[in-house]
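> Once you've had a glance at the structure underneath, I'll fire off some questions.
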Amino acid sequence: MLINLVRDHQPTKLAVAFDLPQPTFRHEKLDSYKATRDEAPDILRQQMGLVRQVVETLHIPTLEAPGFEADDIIATLSDEARDRGDKWAQGMMHVAMATVALWTGRVDEAVRRSAKARATFPDGSDPIGPIQAAAIEGRALVRSGRVAEGFAVLNEALQAEAENPGITMVETALAAAAATVGDIGQ
């Protein structure tokens, strides 16, 4: 996914945020923080060492802050992007946070963040970003049992992008469907 991001979008700035193993300020303030959250899937935890190796091999800067989660770092960067008027960067950070939320089973957060990303992208700024956000939102909605709503989000995004000369309707539909179809029946 990271290599595809770099290849497809050729970002001028890129960093990866990681959680540190020690408790965060939220854990210190609230004993029940994350008490009801399911643990990250084993496959995700098992791959984190490999992810770090890939990031280091590609010489991508990593961002970590004792007492804070990676989400906090990304949210801070998103706020900074908003403050300087960089809506594309802000939208992509919401897409990243929505993706992580979906991977870790936080479906409601994935829906909220991806909807925020779709609303953030300025018209015509990126032919792919809004579709990525819609695919994540659609997949999260399907996972939560809201299948019709999930496909409605995807259909709306497809209709909005139908006039975009930078991406064909077939490519858009395939990208959205590929992101969503694995969740049907779960």
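Residue names in the structure tokens use chain letters A, B, ... in the order shown, residue numbers from 1 in each chain, and ligand numbers from 1 in the order shown.
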Near region 55-59 of chain A, within 9 Å and counting only C-alpha atoms, which residues show up once chain neighbours fewer than 4 positions away are dropped, as a list of chain:residue names?
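So, after excluding close chain neighbours, the residues are A:Leu2, A:Ala15, A:Val16, A:Leu50, A:Val51.
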> Dump all heavy atoms for the selected residues as a PDB file, in the first residue's frame?

```pdb
ATOM      1  N   LEU A   2       1.902   1.273   0.823  1.00  0.00           N
ATOM      2  CA  LEU A   2       2.775   2.433   0.903  1.00  0.00           C
ATOM      3  C   LEU A   2       3.496   2.662  -0.423  1.00  0.00           C
ATOM      4  O   LEU A   2       3.571   3.791  -0.915  1.00  0.00           O
ATOM      5  CB  LEU A   2       3.786   2.246   2.034  1.00  0.00           C
ATOM      6  CG  LEU A   2       4.804   3.356   2.232  1.00  0.00           C
ATOM      7  CD1 LEU A   2       4.113   4.669   2.579  1.00  0.00           C
ATOM      8  CD2 LEU A   2       5.780   2.970   3.334  1.00  0.00           C
ATOM      9  N   ALA A  15       5.812  10.959   5.577  1.00  0.00           N
ATOM     10  CA  ALA A  15       6.312  10.443   6.846  1.00  0.00           C
ATOM     11  C   ALA A  15       5.315   9.406   7.332  1.00  0.00           C
ATOM     12  O   ALA A  15       4.166   9.379   6.889  1.00  0.00           O
ATOM     13  CB  ALA A  15       6.465  11.565   7.873  1.00  0.00           C
ATOM     14  N   VAL A  16       5.767   8.546   8.222  1.00  0.00           N
ATOM     15  CA  VAL A  16       4.902   7.520   8.797  1.00  0.00           C
ATOM     16  C   VAL A  16       4.909   7.700  10.312  1.00  0.00           C
ATOM     17  O   VAL A  16       5.973   7.821  10.922  1.00  0.00           O
ATOM     18  CB  VAL A  16       5.390   6.105   8.426  1.00  0.00           C
ATOM     19  CG1 VAL A  16       4.548   5.042   9.109  1.00  0.00           C
ATOM     20  CG2 VAL A  16       5.368   5.918   6.909  1.00  0.00           C
ATOM     21  N   LEU A  50       7.849  -5.637  10.179  1.00  0.00           N
ATOM     22  CA  LEU A  50       8.121  -5.599   8.742  1.00  0.00           C
ATOM     23  C   LEU A  50       7.812  -4.217   8.168  1.00  0.00           C
ATOM     24  O   LEU A  50       8.572  -3.695   7.348  1.00  0.00           O
ATOM     25  CB  LEU A  50       7.299  -6.668   8.019  1.00  0.00           C
ATOM     26  CG  LEU A  50       7.488  -6.771   6.509  1.00  0.00           C
ATOM     27  CD1 LEU A  50       8.942  -7.053   6.159  1.00  0.00           C
ATOM     28  CD2 LEU A  50       6.577  -7.861   5.949  1.00  0.00           C
ATOM     29  N   VAL A  51       6.719  -3.616   8.618  1.00  0.00           N
ATOM     30  CA  VAL A  51       6.362  -2.265   8.163  1.00  0.00           C
ATOM     31  C   VAL A  51       7.483  -1.288   8.512  1.00  0.00           C
ATOM     32  O   VAL A  51       7.911  -0.490   7.681  1.00  0.00           O
ATOM     33  CB  VAL A  51       5.015  -1.805   8.770  1.00  0.00           C
ATOM     34  CG1 VAL A  51       4.769  -0.326   8.510  1.00  0.00           C
ATOM     35  CG2 VAL A  51       3.873  -2.656   8.234  1.00  0.00           C
TER      36      VAL A  51
END
```
> Write out as a ChimeraX atom specification the set of residues from region 18-150 of chain A that DSSP, computed on the backbone, places in helix (DSSP H, G or I).
/A:25-29,42-57,70-83,87-103,107-120,129-143,147-150
> Write out as a PyMOL selection string the residues lying within 10 Å of Ala89 (chain A), counting only C-alpha atoms and excluding same-chain residues fewer than 4 positions away.
chain A and resi 11+13+77-82+85+93-95+117+120-121
> Those residues you just picked out, can you put them in a file as a PDB file, in the first residue's frame with N, CA and C atoms?

```pdb
ATOM      1  N   PRO A  11       4.221  11.875  -3.732  1.00  0.00           N
ATOM      2  CA  PRO A  11       4.154  12.981  -2.767  1.00  0.00           C
ATOM      3  C   PRO A  11       5.484  13.716  -2.640  1.00  0.00           C
ATOM      4  N   LYS A  13       6.096  15.296   0.197  1.00  0.00           N
ATOM      5  CA  LYS A  13       6.383  15.119   1.624  1.00  0.00           C
ATOM      6  C   LYS A  13       5.740  13.813   2.058  1.00  0.00           C
ATOM      7  N   LEU A  77      -0.818  17.175  12.453  1.00  0.00           N
ATOM      8  CA  LEU A  77      -0.399  17.538  11.094  1.00  0.00           C
ATOM      9  C   LEU A  77      -1.597  17.976  10.249  1.00  0.00           C
ATOM     10  N   SER A  78      -2.726  17.324  10.442  1.00  0.00           N
ATOM     11  CA  SER A  78      -3.939  17.703   9.721  1.00  0.00           C
ATOM     12  C   SER A  78      -4.383  19.110  10.103  1.00  0.00           C
ATOM     13  N   ASP A  79      -4.327  19.416  11.395  1.00  0.00           N
ATOM     14  CA  ASP A  79      -4.675  20.770  11.849  1.00  0.00           C
ATOM     15  C   ASP A  79      -3.721  21.808  11.257  1.00  0.00           C
ATOM     16  N   GLU A  80      -2.432  21.470  11.210  1.00  0.00           N
ATOM     17  CA  GLU A  80      -1.467  22.389  10.618  1.00  0.00           C
ATOM     18  C   GLU A  80      -1.745  22.596   9.133  1.00  0.00           C
ATOM     19  N   ALA A  81      -2.112  21.502   8.433  1.00  0.00           N
ATOM     20  CA  ALA A  81      -2.453  21.614   7.006  1.00  0.00           C
ATOM     21  C   ALA A  81      -3.682  22.507   6.837  1.00  0.00           C
ATOM     22  N   ARG A  82      -4.671  22.322   7.694  1.00  0.00           N
ATOM     23  CA  ARG A  82      -5.876  23.166   7.637  1.00  0.00           C
ATOM     24  C   ARG A  82      -5.506  24.631   7.860  1.00  0.00           C
ATOM     25  N   GLY A  85      -4.102  26.204   4.921  1.00  0.00           N
ATOM     26  CA  GLY A  85      -4.977  26.157   3.753  1.00  0.00           C
ATOM     27  C   GLY A  85      -4.712  25.011   2.798  1.00  0.00           C
ATOM     28  N   MET A  93      -4.685  13.049   5.147  1.00  0.00           N
ATOM     29  CA  MET A  93      -4.460  12.617   6.526  1.00  0.00           C
ATOM     30  C   MET A  93      -5.722  11.990   7.104  1.00  0.00           C
ATOM     31  N   HIS A  94      -6.879  12.531   6.751  1.00  0.00           N
ATOM     32  CA  HIS A  94      -8.130  11.900   7.174  1.00  0.00           C
ATOM     33  C   HIS A  94      -8.290  10.528   6.529  1.00  0.00           C
ATOM     34  N   VAL A  95      -7.899  10.387   5.263  1.00  0.00           N
ATOM     35  CA  VAL A  95      -7.946   9.084   4.594  1.00  0.00           C
ATOM     36  C   VAL A  95      -7.043   8.097   5.340  1.00  0.00           C
ATOM     37  N   ALA A 117     -12.934  13.288   5.221  1.00  0.00           N
ATOM     38  CA  ALA A 117     -11.979  13.396   4.111  1.00  0.00           C
ATOM     39  C   ALA A 117     -12.700  13.765   2.822  1.00  0.00           C
ATOM     40  N   THR A 120     -13.449  17.290   2.714  1.00  0.00           N
ATOM     41  CA  THR A 120     -12.287  18.171   2.778  1.00  0.00           C
ATOM     42  C   THR A 120     -11.650  18.432   1.423  1.00  0.00           C
ATOM     43  N   PHE A 121     -11.608  17.410   0.563  1.00  0.00           N
ATOM     44  CA  PHE A 121     -10.921  17.577  -0.720  1.00  0.00           C
ATOM     45  C   PHE A 121     -11.573  18.688  -1.536  1.00  0.00           C
TER      46      PHE A 121
END
```
> So how far away is CA of Phe18 (chain A) from CA of Leu44 (chain A), in Å?
13.1 Å
> From the set A:Ala65, A:Ala133, A:Val6, A:Met92, which residue has the shortest atom-to-atom contact distance to Phe25 (chain A), counting only C-alpha atoms?
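The answer is A:Ala65, which sits nearest to Phe25 (chain A).
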> Which one of A:Leu14, A:Ile131, A:Ser144, A:Lys116 sits closest to Thr62 (chain A) if you count only C-alpha atoms?
A:Leu14
> Any idea what's packed within 10 Å of Arg112 (chain A), counting only C-alpha atoms, ignoring anything in its chain fewer than 6 positions away? Could you give it as a list of chain:residue names?
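Close residues of Arg112 (chain A): A:His94, A:Ala98, A:Ala101, A:Glu137, A:Ala140.
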> So what do you get for CA of Gln132 (chain A) versus CA of Ala152 (chain A), distance-wise?
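It comes out at 14.8 Å.
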> For Ala17 (chain A), list every protein, DNA or RNA residue within 10 Å, evaluated using only C-alpha atoms, and leave out those in the same chain fewer than 2 positions away; present the list as a list in words.
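Result of the neighbour search: Ala15, Asp19, Leu20, Pro61, Thr62, Leu63, Glu64, Ala65, Glu69, Ala70, Asp71, Asp72, Ile73 and Ile74 of chain A.
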> Could you please determine the separation between CA of Leu154 (chain A) and CA of Gly129 (chain A) in Å, to one decimal place?
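Between these atoms lies a distance of 13.0 Å.
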> Rank A:Arg52, A:Lys29, A:Arg139, A:Lys87 by their smallest atom-to-atom distance to Thr99 (chain A), using only C-alpha atoms, and report the top residue only.
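Among A:Arg52, A:Lys29, A:Arg139, A:Lys87, it is A:Arg139 that comes nearest to Thr99 (chain A).
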> List every residue of region 9-171 of chain A that DSSP, applied to the backbone of this structure, places in strand (DSSP E or B), and write the result as a list in words.
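Of region 9-171 of chain A, only Val16, Ala17, Thr62 and Leu63 of chain A fall in strand (DSSP E or B).
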